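K.L.:
Handing over target.cif, mmCIF, C-alpha atoms.
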data_data
loop_
_atom_site.label_atom_id
_atom_site.label_comp_id
_atom_site.auth_asym_id
_atom_site.auth_seq_id
_atom_site.Cartn_x
_atom_site.Cartn_y
_atom_site.Cartn_z
CA MET A 27 149.06 74.88 5.11
CA LYS A 28 149.45 71.42 6.60
CA PHE A 29 146.27 69.41 7.23
CA SER A 30 147.03 69.17 10.98
CA SER A 31 147.46 72.95 11.17
CA LEU A 32 144.18 73.46 9.36
CA ILE A 33 142.38 71.17 11.83
CA LYS A 34 143.86 73.07 14.80
CA LYS A 35 142.76 76.37 13.28
CA ILE A 36 139.21 75.10 12.71
CA ILE A 37 139.02 73.79 16.30
CA GLY A 38 139.86 77.31 17.46
CA PHE A 39 136.85 78.77 15.61
CA PRO A 40 133.65 79.71 17.52
CA LEU A 41 131.22 76.80 17.82
CA HIS A 42 128.71 78.18 15.32
CA TRP A 43 131.43 78.45 12.65
CA GLN A 44 132.50 74.88 13.40
CA ILE A 45 128.89 73.76 12.91
CA LEU A 46 128.62 75.61 9.59
CA ILE A 47 131.90 74.05 8.40
CA ALA A 48 130.64 70.61 9.48
CA MET A 49 127.39 71.23 7.59
CA VAL A 50 129.31 72.09 4.40
CA LEU A 51 131.62 69.09 4.80
CA GLY A 52 128.73 66.71 5.50
CA SER A 53 126.77 68.02 2.52
CA GLY A 54 129.75 67.94 0.19
CA THR A 55 130.81 64.45 1.19
CA ALA A 56 127.28 63.02 0.87
CA ILE A 57 126.66 64.67 -2.51
CA THR A 58 130.02 63.40 -3.80
CA LEU A 59 129.33 59.84 -2.67
CA LYS A 60 125.71 59.85 -3.80
CA TYR A 61 126.04 61.50 -7.18
CA GLY A 62 129.70 61.69 -8.12
CA MET A 63 131.69 58.63 -7.10
CA GLU A 64 130.96 54.98 -7.64
CA ILE A 65 133.13 53.36 -4.96
CA ASP A 66 132.54 50.93 -2.14
CA SER A 67 131.94 53.35 0.71
CA GLY A 68 129.73 51.22 2.96
CA MET A 69 131.90 51.43 6.08
CA PHE A 70 132.47 55.18 5.68
CA VAL A 71 128.73 55.81 5.25
CA THR A 72 127.93 53.69 8.32
CA LEU A 73 130.47 55.53 10.48
CA SER A 74 129.37 58.96 9.27
CA GLU A 75 125.71 58.25 9.98
CA MET A 76 126.65 56.82 13.38
CA PHE A 77 128.12 60.19 14.42
CA GLY A 78 124.68 61.77 14.12
CA THR A 79 122.93 58.92 15.92
CA LEU A 80 125.37 59.04 18.84
CA PHE A 81 125.02 62.82 19.15
CA VAL A 82 121.21 62.63 19.35
CA ARG A 83 121.46 59.85 21.96
CA LEU A 84 123.85 62.00 24.03
CA LEU A 85 121.38 64.90 23.91
CA ARG A 86 118.57 62.62 25.06
CA MET A 87 120.80 61.22 27.81
CA VAL A 88 121.07 64.51 29.70
CA ILE A 89 117.42 65.56 29.50
CA VAL A 90 116.05 63.95 32.66
CA PRO A 91 118.85 64.83 35.14
CA LEU A 92 119.41 68.31 33.68
CA VAL A 93 115.77 69.37 33.64
CA THR A 94 114.94 67.86 37.04
CA SER A 95 117.85 69.54 38.81
CA SER A 96 117.33 72.83 36.93
CA VAL A 97 113.67 73.09 37.94
CA ILE A 98 114.34 72.14 41.58
CA ILE A 99 117.15 74.68 41.93
CA GLY A 100 115.16 77.39 40.17
CA ILE A 101 112.17 76.98 42.46
CA ALA A 102 113.92 76.09 45.73
CA GLY A 103 116.68 78.67 45.42
CA VAL A 104 114.46 81.72 45.83
CA GLY A 105 115.94 82.47 49.24
CA ASP A 106 113.52 83.68 51.87
CA PRO A 107 110.33 81.55 51.78
CA ALA A 108 108.41 84.77 52.33
CA ASN A 109 109.41 85.71 48.78
CA LEU A 110 107.04 83.02 47.56
CA GLY A 111 104.20 85.19 48.84
CA ARG A 112 102.97 88.29 47.04
CA LEU A 113 106.25 88.98 45.21
CA GLY A 114 106.58 85.35 44.13
CA LEU A 115 103.01 85.19 42.86
CA LYS A 116 103.49 88.33 40.78
CA THR A 117 106.74 87.01 39.34
CA PHE A 118 105.36 83.58 38.44
CA ALA A 119 102.17 85.11 37.02
CA TYR A 120 104.18 87.35 34.69
CA TYR A 121 106.51 84.54 33.60
CA MET A 122 103.64 82.15 32.90
CA LEU A 123 101.73 84.85 30.99
CA THR A 124 104.53 85.87 28.63
CA SER A 125 105.77 82.31 28.06
CA THR A 126 102.24 81.13 27.27
CA ILE A 127 101.75 84.01 24.83
CA GLY A 128 105.04 83.08 23.16
CA ILE A 129 104.00 79.43 22.84
CA VAL A 130 100.58 80.26 21.41
CA LEU A 131 102.23 82.69 18.98
CA GLY A 132 104.56 79.92 17.79
CA LEU A 133 101.58 77.58 17.44
CA VAL A 134 99.55 80.09 15.41
CA LEU A 135 102.41 81.08 13.09
CA SER A 136 103.32 77.44 12.45
CA GLY A 137 99.69 76.76 11.60
CA ILE A 138 99.51 79.73 9.21
CA ILE A 139 102.91 79.45 7.46
CA LYS A 140 103.10 75.62 7.64
CA PRO A 141 106.88 75.52 7.07
CA GLY A 142 107.13 71.71 7.19
CA LEU A 143 104.58 70.84 4.52
CA GLY A 144 105.66 69.35 1.20
CA VAL A 145 108.77 67.52 2.41
CA GLU A 146 109.28 64.00 1.06
CA LEU A 147 110.95 61.71 3.59
CA PRO A 148 111.66 57.99 3.23
CA GLU A 149 109.40 55.63 5.19
CA ASP A 150 110.42 55.22 8.83
CA ALA A 151 109.59 51.79 10.20
CA SER A 152 110.53 52.91 13.73
CA PHE A 153 107.59 55.35 13.95
CA SER A 154 103.87 54.85 13.65
CA GLN A 155 101.01 57.33 13.84
CA GLN A 156 99.39 54.99 16.36
CA SER A 157 102.24 55.66 18.79
CA LEU A 158 101.18 59.30 19.17
CA ASN A 159 100.06 60.37 22.62
CA THR A 160 96.40 61.37 22.35
CA PRO A 161 94.79 62.92 25.45
CA SER A 162 91.05 62.48 25.66
CA SER A 163 90.44 65.95 27.11
CA PRO A 164 92.25 68.96 28.61
CA LEU A 165 91.48 67.54 32.05
CA ASP A 166 93.24 64.31 31.07
CA ILE A 167 96.43 66.28 30.38
CA PHE A 168 96.45 67.77 33.88
CA VAL A 169 95.55 64.47 35.57
CA ARG A 170 98.50 62.78 33.86
CA MET A 171 100.82 65.51 35.11
CA ILE A 172 100.65 63.92 38.58
CA PRO A 173 102.94 60.86 38.64
CA GLU A 174 102.03 57.83 40.74
CA ASN A 175 105.73 56.96 40.79
CA PRO A 176 108.17 59.86 40.12
CA ILE A 177 111.12 57.49 39.62
CA GLN A 178 109.16 55.53 37.03
CA ALA A 179 108.16 58.80 35.33
CA MET A 180 111.85 59.71 35.02
CA ALA A 181 112.81 56.24 33.78
CA GLU A 182 110.06 56.30 31.15
CA ARG A 183 110.77 59.95 30.25
CA ASP A 184 107.24 61.01 31.11
CA MET A 185 108.36 64.63 30.92
CA LEU A 186 105.10 66.27 31.95
CA ALA A 187 104.91 64.23 35.18
CA MET A 188 108.64 64.58 35.83
CA ILE A 189 108.67 68.38 35.57
CA PHE A 190 105.51 68.69 37.67
CA PHE A 191 107.11 66.59 40.42
CA ALA A 192 110.30 68.67 40.25
CA ILE A 193 108.29 71.89 40.64
CA LEU A 194 106.46 70.54 43.70
CA LEU A 195 109.71 69.25 45.22
CA GLY A 196 111.34 72.65 44.65
CA VAL A 197 108.44 74.41 46.40
CA ALA A 198 108.64 71.95 49.30
CA MET A 199 112.42 72.45 49.61
CA SER A 200 111.98 76.22 49.68
CA GLN A 201 109.84 75.76 52.80
CA LEU A 202 112.35 73.57 54.66
CA GLU A 203 114.01 74.71 57.86
CA PRO A 204 117.50 76.11 57.13
CA ILE A 205 119.26 73.19 58.83
CA TYR A 206 117.80 70.76 56.27
CA LYS A 207 117.65 73.09 53.30
CA ASN A 208 121.33 74.02 53.65
CA ARG A 209 122.27 70.35 53.54
CA LEU A 210 120.12 69.29 50.58
CA LEU A 211 120.15 72.33 48.27
CA PRO A 212 123.95 72.54 47.79
CA VAL A 213 124.05 68.86 46.77
CA ILE A 214 121.37 69.33 44.10
CA ASP A 215 122.97 72.60 43.03
CA ALA A 216 126.34 70.89 42.60
CA PHE A 217 124.66 68.11 40.61
CA PHE A 218 122.94 70.72 38.42
CA HIS A 219 126.25 72.44 37.66
CA ALA A 220 127.81 69.07 36.85
CA MET A 221 124.97 68.42 34.40
CA MET A 222 125.48 71.89 32.91
CA LYS A 223 129.14 71.02 32.33
CA LEU A 224 128.17 67.72 30.73
CA THR A 225 125.50 69.34 28.55
CA THR A 226 127.91 72.07 27.43
CA GLY A 227 130.46 69.39 26.56
CA ILE A 228 127.90 67.47 24.50
CA ILE A 229 126.80 70.65 22.71
CA HIS A 230 130.45 71.25 21.79
CA LEU A 231 130.30 67.92 19.95
CA ALA A 232 127.63 69.45 17.72
CA PRO A 233 129.94 69.83 14.69
CA ILE A 234 130.53 66.07 14.63
CA GLY A 235 126.84 65.39 15.17
CA VAL A 236 125.76 67.87 12.50
CA TYR A 237 128.22 66.36 10.04
CA GLY A 238 126.69 62.91 10.58
CA LEU A 239 123.09 64.09 10.55
CA ILE A 240 123.45 66.27 7.42
CA PHE A 241 125.35 63.44 5.72
CA LYS A 242 122.55 61.00 6.56
CA ALA A 243 119.85 63.44 5.47
CA ILE A 244 121.35 63.92 2.02
CA MET A 245 122.08 60.22 1.56
CA GLU A 246 118.51 59.23 2.44
CA LEU A 247 116.46 62.07 0.95
CA GLU A 248 115.21 61.79 -2.62
CA ASP A 249 115.20 65.58 -3.03
CA PHE A 250 116.22 68.70 -1.13
CA THR A 251 112.78 69.88 -0.05
CA LEU A 252 113.77 69.48 3.64
CA PHE A 253 116.36 72.24 3.28
CA GLY A 254 113.80 74.56 1.68
CA ALA A 255 111.46 73.79 4.59
CA ILE A 256 114.25 74.63 7.06
CA ALA A 257 114.47 78.11 5.50
CA LYS A 258 110.71 78.59 6.02
CA TYR A 259 111.07 77.26 9.57
CA MET A 260 113.77 79.86 10.30
CA LEU A 261 111.52 82.57 8.88
CA THR A 262 108.61 81.38 11.04
CA ILE A 263 110.71 81.49 14.22
CA ALA A 264 112.18 84.89 13.32
CA ILE A 265 108.74 86.39 12.68
CA GLY A 266 107.43 85.02 15.98
CA LEU A 267 110.40 86.31 17.99
CA THR A 268 110.13 89.73 16.32
CA ILE A 269 106.41 90.04 17.09
CA HIS A 270 107.05 89.01 20.70
CA MET A 271 110.00 91.40 21.11
CA PHE A 272 108.61 94.51 19.43
CA ILE A 273 104.83 94.21 19.83
CA ILE A 274 103.75 91.90 22.66
CA LEU A 275 106.34 92.70 25.35
CA PRO A 276 106.26 96.51 24.80
CA THR A 277 102.45 96.45 24.87
CA ILE A 278 102.40 94.54 28.19
CA PHE A 279 105.09 96.88 29.55
CA TYR A 280 103.23 100.07 28.64
CA ILE A 281 99.85 98.84 29.89
CA MET A 282 101.29 97.77 33.25
CA THR A 283 103.65 100.71 33.91
CA ARG A 284 102.76 103.59 31.51
CA ARG A 285 106.51 103.90 30.93
CA SER A 286 108.18 104.34 27.53
CA PRO A 287 109.06 101.03 25.82
CA MET A 288 111.70 102.89 23.78
CA LYS A 289 113.47 103.95 26.99
CA GLN A 290 113.40 100.33 28.16
CA TYR A 291 115.15 99.25 24.96
CA ARG A 292 117.83 101.90 25.56
CA ASP A 293 118.18 100.94 29.22
CA MET A 294 118.73 97.28 28.34
CA LEU A 295 121.01 97.81 25.33
CA ASP A 296 124.16 96.45 27.01
CA ALA A 297 122.33 93.34 28.22
CA ILE A 298 120.74 92.83 24.79
CA LEU A 299 124.11 92.96 23.05
CA THR A 300 125.65 90.61 25.63
CA ALA A 301 122.79 88.13 25.26
CA PHE A 302 123.05 88.25 21.48
CA SER A 303 126.78 87.55 21.52
CA THR A 304 126.83 84.87 24.25
CA SER A 305 123.49 83.08 23.59
CA SER A 306 123.33 82.48 27.35
CA SER A 307 120.80 83.96 29.79
CA SER A 308 122.98 82.87 32.73
CA ALA A 309 126.14 84.49 31.35
CA THR A 310 124.19 87.71 30.68
CA LEU A 311 122.64 87.85 34.18
CA PRO A 312 125.22 90.21 35.80
CA VAL A 313 124.82 92.69 32.91
CA THR A 314 121.02 92.37 33.06
CA ILE A 315 121.03 93.16 36.79
CA GLU A 316 123.29 96.19 36.27
CA CYS A 317 121.13 97.57 33.45
CA VAL A 318 117.88 97.07 35.38
CA GLU A 319 119.22 98.69 38.57
CA LYS A 320 121.34 101.54 37.18
CA ASN A 321 119.41 102.42 34.02
CA ALA A 322 115.81 101.44 34.82
CA GLY A 323 116.05 102.38 38.52
CA VAL A 324 114.77 99.09 39.98
CA SER A 325 115.61 98.37 43.62
CA ASN A 326 118.09 95.62 44.44
CA ARG A 327 115.45 93.78 46.50
CA ILE A 328 113.30 93.28 43.40
CA SER A 329 116.06 92.66 40.85
CA SER A 330 117.94 90.18 43.06
CA PHE A 331 114.81 88.03 43.32
CA VAL A 332 113.12 88.38 39.92
CA LEU A 333 116.12 88.29 37.55
CA PRO A 334 117.98 85.18 38.83
CA LEU A 335 114.68 83.33 38.90
CA GLY A 336 113.89 84.59 35.40
CA SER A 337 117.24 83.45 33.99
CA THR A 338 116.28 79.94 35.11
CA ILE A 339 112.57 79.60 34.46
CA ASN A 340 111.45 82.47 32.18
CA MET A 341 112.30 81.56 28.60
CA ASP A 342 109.77 83.24 26.28
CA GLY A 343 111.92 82.87 23.18
CA THR A 344 112.79 79.26 23.98
CA ALA A 345 109.14 78.38 24.65
CA LEU A 346 108.07 79.89 21.29
CA TYR A 347 110.88 78.03 19.54
CA GLU A 348 110.04 74.67 21.14
CA CYS A 349 106.37 74.88 20.18
CA ALA A 350 107.03 76.03 16.61
CA GLY A 351 109.85 73.49 16.26
CA VAL A 352 107.68 70.57 17.32
CA LEU A 353 104.90 71.57 14.94
CA PHE A 354 107.46 71.94 12.15
CA ILE A 355 108.74 68.40 12.80
CA ALA A 356 105.16 67.07 12.90
CA GLN A 357 104.41 68.75 9.56
CA VAL A 358 107.57 67.32 7.96
CA LEU A 359 106.55 63.84 9.16
CA GLY A 360 103.02 64.33 7.83
CA ILE A 361 101.45 64.24 11.30
CA ASP A 362 98.22 66.17 11.76
CA LEU A 363 98.08 66.93 15.48
CA THR A 364 94.63 67.07 17.06
CA LEU A 365 93.47 70.01 19.18
CA TYR A 366 94.22 68.11 22.40
CA GLN A 367 97.65 67.08 21.13
CA GLN A 368 98.40 70.72 20.33
CA LEU A 369 97.23 71.63 23.85
CA LEU A 370 99.62 68.98 25.17
CA VAL A 371 102.40 70.67 23.15
CA VAL A 372 101.49 74.04 24.73
CA VAL A 373 101.50 72.70 28.31
CA THR A 374 104.70 70.69 27.85
CA ALA A 375 106.51 73.54 26.08
CA LEU A 376 105.58 75.83 28.98
CA LEU A 377 106.95 73.39 31.56
CA ALA A 378 109.98 72.53 29.42
CA SER A 379 110.88 76.22 29.10
CA ILE A 380 110.97 76.34 32.91
CA GLY A 381 113.58 73.59 32.89
CA ALA A 382 115.69 75.01 30.04
CA ALA A 383 119.22 75.71 31.23
CA GLY A 384 120.58 79.16 30.40
CA VAL A 385 123.36 77.89 28.10
CA PRO A 386 123.74 78.11 24.31
CA SER A 387 121.46 75.76 22.32
CA ALA A 388 119.81 74.38 25.48
CA GLY A 389 116.44 74.88 23.77
CA LEU A 390 117.42 72.22 21.27
CA VAL A 391 117.83 69.74 24.13
CA MET A 392 114.45 70.75 25.52
CA ILE A 393 112.66 70.19 22.21
CA PHE A 394 113.02 66.43 22.76
CA ILE A 395 110.91 66.82 25.91
CA VAL A 396 107.96 68.18 23.96
CA LEU A 397 108.42 65.59 21.19
CA ASP A 398 108.44 62.77 23.75
CA ALA A 399 105.31 64.13 25.44
CA VAL A 400 103.35 63.96 22.18
CA GLY A 401 104.93 60.63 21.22
CA ILE A 402 106.83 61.81 18.14
CA GLN A 403 109.91 59.59 18.00
CA GLY A 404 111.95 57.62 15.49
CA ASP A 405 115.08 57.88 13.36
CA GLN A 406 113.69 60.66 11.19
CA VAL A 407 113.15 62.90 14.22
CA GLY A 408 116.88 62.94 14.94
CA LEU A 409 117.58 63.65 11.28
CA ILE A 410 115.23 66.65 11.25
CA VAL A 411 116.47 67.99 14.61
CA GLY A 412 120.06 67.68 13.38
CA THR A 413 119.24 69.74 10.31
CA MET A 414 117.57 72.33 12.57
CA LEU A 415 120.70 72.43 14.73
CA ALA A 416 122.82 73.32 11.69
CA VAL A 417 120.96 76.67 11.41
CA ASP A 418 120.24 77.15 15.11
CA ARG A 419 122.95 79.63 16.09
CA PRO A 420 121.33 82.87 14.81
CA LEU A 421 117.95 81.75 16.16
CA ASP A 422 119.55 80.90 19.51
CA MET A 423 121.14 84.36 19.69
CA TYR A 424 117.81 86.04 18.93
CA ARG A 425 115.72 83.98 21.36
CA THR A 426 118.25 84.63 24.15
CA VAL A 427 117.71 88.36 23.60
CA ILE A 428 113.95 87.82 23.97
CA ASN A 429 114.52 85.73 27.12
CA ILE A 430 116.55 88.37 28.97
CA TYR A 431 114.48 91.30 27.68
CA SER A 432 111.32 89.63 28.97
CA ASP A 433 113.07 89.18 32.33
CA SER A 434 113.83 92.91 32.43
CA ILE A 435 110.27 93.86 31.48
CA GLY A 436 108.90 91.65 34.25
CA THR A 437 111.33 93.12 36.78
CA VAL A 438 110.31 96.69 35.99
CA ILE A 439 106.60 95.79 36.06
CA ILE A 440 106.91 94.10 39.46
CA ALA A 441 109.08 96.93 40.85
CA HIS A 442 106.46 99.44 39.62
CA SER A 443 103.69 97.48 41.37
CA GLU A 444 105.74 97.41 44.58
CA ASP A 445 106.66 101.12 44.27
CA GLU A 446 110.37 100.21 44.28
CA ILE A 447 111.50 101.95 41.11
CA ALA A 448 112.94 105.38 40.47
CA THR A 449 110.56 107.62 38.53
#
Could you take the file, read its structure, and then write that structure out as structure tokens?
P.N.:
Amino acid sequence: MKFSSLIKKIIGFPLHWQILIAMVLGSGTAITLKYGMEIDSGMFVTLSEMFGTLFVRLLRMVIVPLVTSSVIIGIAGVGDPANLGRLGLKTFAYYMLTSTIGIVLGLVLSGIIKPGLGVELPEDASFSQQSLNTPSSPLDIFVRMIPENPIQAMAERDMLAMIFFAILLGVAMSQLEPIYKNRLLPVIDAFFHAMMKLTTGIIHLAPIGVYGLIFKAIMELEDFTLFGAIAKYMLTIAIGLTIHMFIILPTIFYIMTRRSPMKQYRDMLDAILTAFSTSSSSATLPVTIECVEKNAGVSNRISSFVLPLGSTINMDGTALYECAGVLFIAQVLGIDLTLYQQLLVVVTALLASIGAAGVPSAGLVMIFIVLDAVGIQGDQVGLIVGTMLAVDRPLDMYRTVINIYSDSIGTVIIAHSEDEIAT
């Protein structure tokens, strides 16, 4: 087979296979250069490492516009302002409850398993422990959520303040008279979809980025302990998602409705399989709505409000992943986060999960938000995140299942409380 034909065939593979191939190529090339060949490869090494650096910078580039527009559209696009009354309060209360439980679960498991301990990384002159963001109290965290200058907060990537402002702006827009709302909302919605296109395009560059980041990791690391830690990190995330999916959500469901959790699994089977295969809450939404209405018996009035909102702002699996991922990175870097810094991680992960777009691997983009909030930055952060990306596909598939299943649980609970569900 000609080399050009082989390249065309690889390009036609699904993205996760391309990433795995890039990981193997990056590892093989780095090992060959580091241990097997004594040639002048300075320019090749520089270019290969640059691929990873550029990919991380592209991911960081889209964070502010993507998250801001996503939060505004999610909050403002609820339709009738009256929906922000009793029905809206129930919906938001459920979403905040389950996402917070997911985050705390990720925090606890990361603290117990400690997947990032024992990794030896080279010194990073671009990062200092003194640069960590250290709140003086829980109250200080909430005070700093209110930006004195929203534009400055966006420019400085003060993610906590930026997301808080976007939530308030979304609420305000939802209360606008139709003549103004119908002018402003479509513009922001169009901008959001443009950012989704851009983000999807950048994520499709992941094979190139992973190649560069894996190559750099192997060239710089003295041993392969990071890759052993990545395996423990995957296990930590998988355990957390499994507990949330098969213990926490069914328990909440049964307590609130007295309905069979096993029937709910059966009712949502088509949506679960679609979410697992697409890794996208947004792409699964039509199937989720059909399953909830036809199988679970929820009225269209409830499902048409709760599910679209959930596909935008309710990301239990993503929230758990972001929290556990940030603690894993902190452990790899040898950073011992204080109680208040961990609380900052919890609050930021909750708000970041609200702004996570329902597209594959969007949670990986959001993880930079939580890292920035705590002040964990530097060249090694990109290296670790790139290694996490190489194994992210199965975790992304699993956490998308948790995201849409939590949406369905919330919809049935709210429909039961409103007496709008078939018995």
K.L.:
When the PyMOL selection byres ((chain A and resi 399) around 10) is applied to the structure above, which residues does it catch, written out as a list of chain:residue names?
P.N.:
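Residues picked by the PyMOL selection byres ((chain A and resi 399) around 10): A:Leu158, A:Asn159, A:Thr160, A:Arg183, A:Asp184, A:Met185, A:Leu186, A:Ala187, A:Gln367, A:Leu370, A:Val371, A:Val373, A:Thr374, A:Ala375, A:Phe394, A:Ile395, A:Val396, A:Leu397, A:Asp398, A:Val400, A:Gly401, A:Ile402, A:Gln403.
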K.L.:
Please provide as number ranges by chain all residues within 7 Å of region 408-418 of chain A, with the sequence filter that same-chain residues fewer than 3 positions apart are discarded (counting all atoms listed in the file).
P.N.:
A: 45-46, 49, 82, 236, 239-240, 243, 256, 355, 405, 421-422
K.L.:
Write the selection just made, keeping C-alpha atoms, as a short mmCIF file (atom, residue, chain, number, x, y, z; two decimals), in the coordinates of the input?
P.N.:
data_model
loop_
_atom_site.label_atom_id
_atom_site.label_comp_id
_atom_site.auth_asym_id
_atom_site.auth_seq_id
_atom_site.Cartn_x
_atom_site.Cartn_y
_atom_site.Cartn_z
CA ILE A 45 128.89 73.76 12.91
CA LEU A 46 128.62 75.61 9.59
CA MET A 49 127.39 71.23 7.59
CA VAL A 82 121.21 62.63 19.35
CA VAL A 236 125.76 67.87 12.50
CA LEU A 239 123.09 64.09 10.55
CA ILE A 240 123.45 66.27 7.42
CA ALA A 243 119.85 63.44 5.47
CA ILE A 256 114.25 74.63 7.06
CA ILE A 355 108.74 68.40 12.80
CA ASP A 405 115.08 57.88 13.36
CA LEU A 421 117.95 81.75 16.16
CA ASP A 422 119.55 80.90 19.51
#
K.L.:
Could you jot down the CA of Thr283 (chain A) to CA of Ser337 (chain A) separation for me, Å, one decimal place?
P.N.:
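Rounded to one decimal, the two atoms are 22.0 Å apart.
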K.L.:
Please expand the PyMOL selection byres ((chain A and resi 267) around 12) into the concrete residues it hits in this file, giving the result as number ranges by chain.
P.N.:
A: 125, 127-129, 131-132, 135, 260-266, 268-275, 341-347, 350, 420-429, 431-432
K.L.:
Between CA of Pro276 (chain A) and CA of Ile393 (chain A), what distance in Å does the model show, to one decimal?
P.N.:
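Interatomic distance, CA of Pro276 (chain A) to CA of Ile393 (chain A): 27.2 Å.
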K.L.:
State, in Å with one decimal place, the distance from CA of Thr300 (chain A) to CA of Pro312 (chain A).
P.N.:
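The value is 10.2 Å.
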K.L.:
Generate N, CA and C atoms for region 121-135 of chain A and emit them as a PDB file, in the frame of the given file.
P.N.:
ATOM      1  N   TYR A 121     105.738  85.502  34.392  1.00  0.00           N
ATOM      2  CA  TYR A 121     106.510  84.540  33.600  1.00  0.00           C
ATOM      3  C   TYR A 121     105.592  83.554  32.869  1.00  0.00           C
ATOM      4  N   MET A 122     104.570  83.084  33.544  1.00  0.00           N
ATOM      5  CA  MET A 122     103.640  82.150  32.900  1.00  0.00           C
ATOM      6  C   MET A 122     102.864  82.844  31.776  1.00  0.00           C
ATOM      7  N   LEU A 123     102.489  84.112  32.004  1.00  0.00           N
ATOM      8  CA  LEU A 123     101.730  84.850  30.990  1.00  0.00           C
ATOM      9  C   LEU A 123     102.539  85.029  29.713  1.00  0.00           C
ATOM     10  N   THR A 124     103.747  85.564  29.835  1.00  0.00           N
ATOM     11  CA  THR A 124     104.530  85.870  28.630  1.00  0.00           C
ATOM     12  C   THR A 124     105.003  84.601  27.920  1.00  0.00           C
ATOM     13  N   SER A 125     105.352  83.563  28.694  1.00  0.00           N
ATOM     14  CA  SER A 125     105.770  82.310  28.060  1.00  0.00           C
ATOM     15  C   SER A 125     104.606  81.664  27.315  1.00  0.00           C
ATOM     16  N   THR A 126     103.416  81.703  27.920  1.00  0.00           N
ATOM     17  CA  THR A 126     102.240  81.130  27.270  1.00  0.00           C
ATOM     18  C   THR A 126     101.897  81.886  25.992  1.00  0.00           C
ATOM     19  N   ILE A 127     101.999  83.213  26.039  1.00  0.00           N
ATOM     20  CA  ILE A 127     101.750  84.010  24.830  1.00  0.00           C
ATOM     21  C   ILE A 127     102.749  83.626  23.745  1.00  0.00           C
ATOM     22  N   GLY A 128     104.020  83.471  24.128  1.00  0.00           N
ATOM     23  CA  GLY A 128     105.040  83.080  23.160  1.00  0.00           C
ATOM     24  C   GLY A 128     104.739  81.725  22.531  1.00  0.00           C
ATOM     25  N   ILE A 129     104.318  80.773  23.347  1.00  0.00           N
ATOM     26  CA  ILE A 129     104.000  79.430  22.840  1.00  0.00           C
ATOM     27  C   ILE A 129     102.818  79.475  21.874  1.00  0.00           C
ATOM     28  N   VAL A 130     101.756  80.169  22.266  1.00  0.00           N
ATOM     29  CA  VAL A 130     100.580  80.260  21.410  1.00  0.00           C
ATOM     30  C   VAL A 130     100.925  80.971  20.100  1.00  0.00           C
ATOM     31  N   LEU A 131     101.785  81.986  20.181  1.00  0.00           N
ATOM     32  CA  LEU A 131     102.230  82.690  18.980  1.00  0.00           C
ATOM     33  C   LEU A 131     102.967  81.736  18.047  1.00  0.00           C
ATOM     34  N   GLY A 132     103.854  80.915  18.605  1.00  0.00           N
ATOM     35  CA  GLY A 132     104.560  79.920  17.790  1.00  0.00           C
ATOM     36  C   GLY A 132     103.603  78.923  17.172  1.00  0.00           C
ATOM     37  N   LEU A 133     102.586  78.528  17.928  1.00  0.00           N
ATOM     38  CA  LEU A 133     101.580  77.580  17.440  1.00  0.00           C
ATOM     39  C   LEU A 133     100.795  78.179  16.275  1.00  0.00           C
ATOM     40  N   VAL A 134     100.361  79.431  16.430  1.00  0.00           N
ATOM     41  CA  VAL A 134      99.550  80.090  15.410  1.00  0.00           C
ATOM     42  C   VAL A 134     100.363  80.307  14.128  1.00  0.00           C
ATOM     43  N   LEU A 135     101.584  80.820  14.268  1.00  0.00           N
ATOM     44  CA  LEU A 135     102.410  81.080  13.090  1.00  0.00           C
ATOM     45  C   LEU A 135     102.743  79.789  12.336  1.00  0.00           C
TER      46      LEU A 135
END
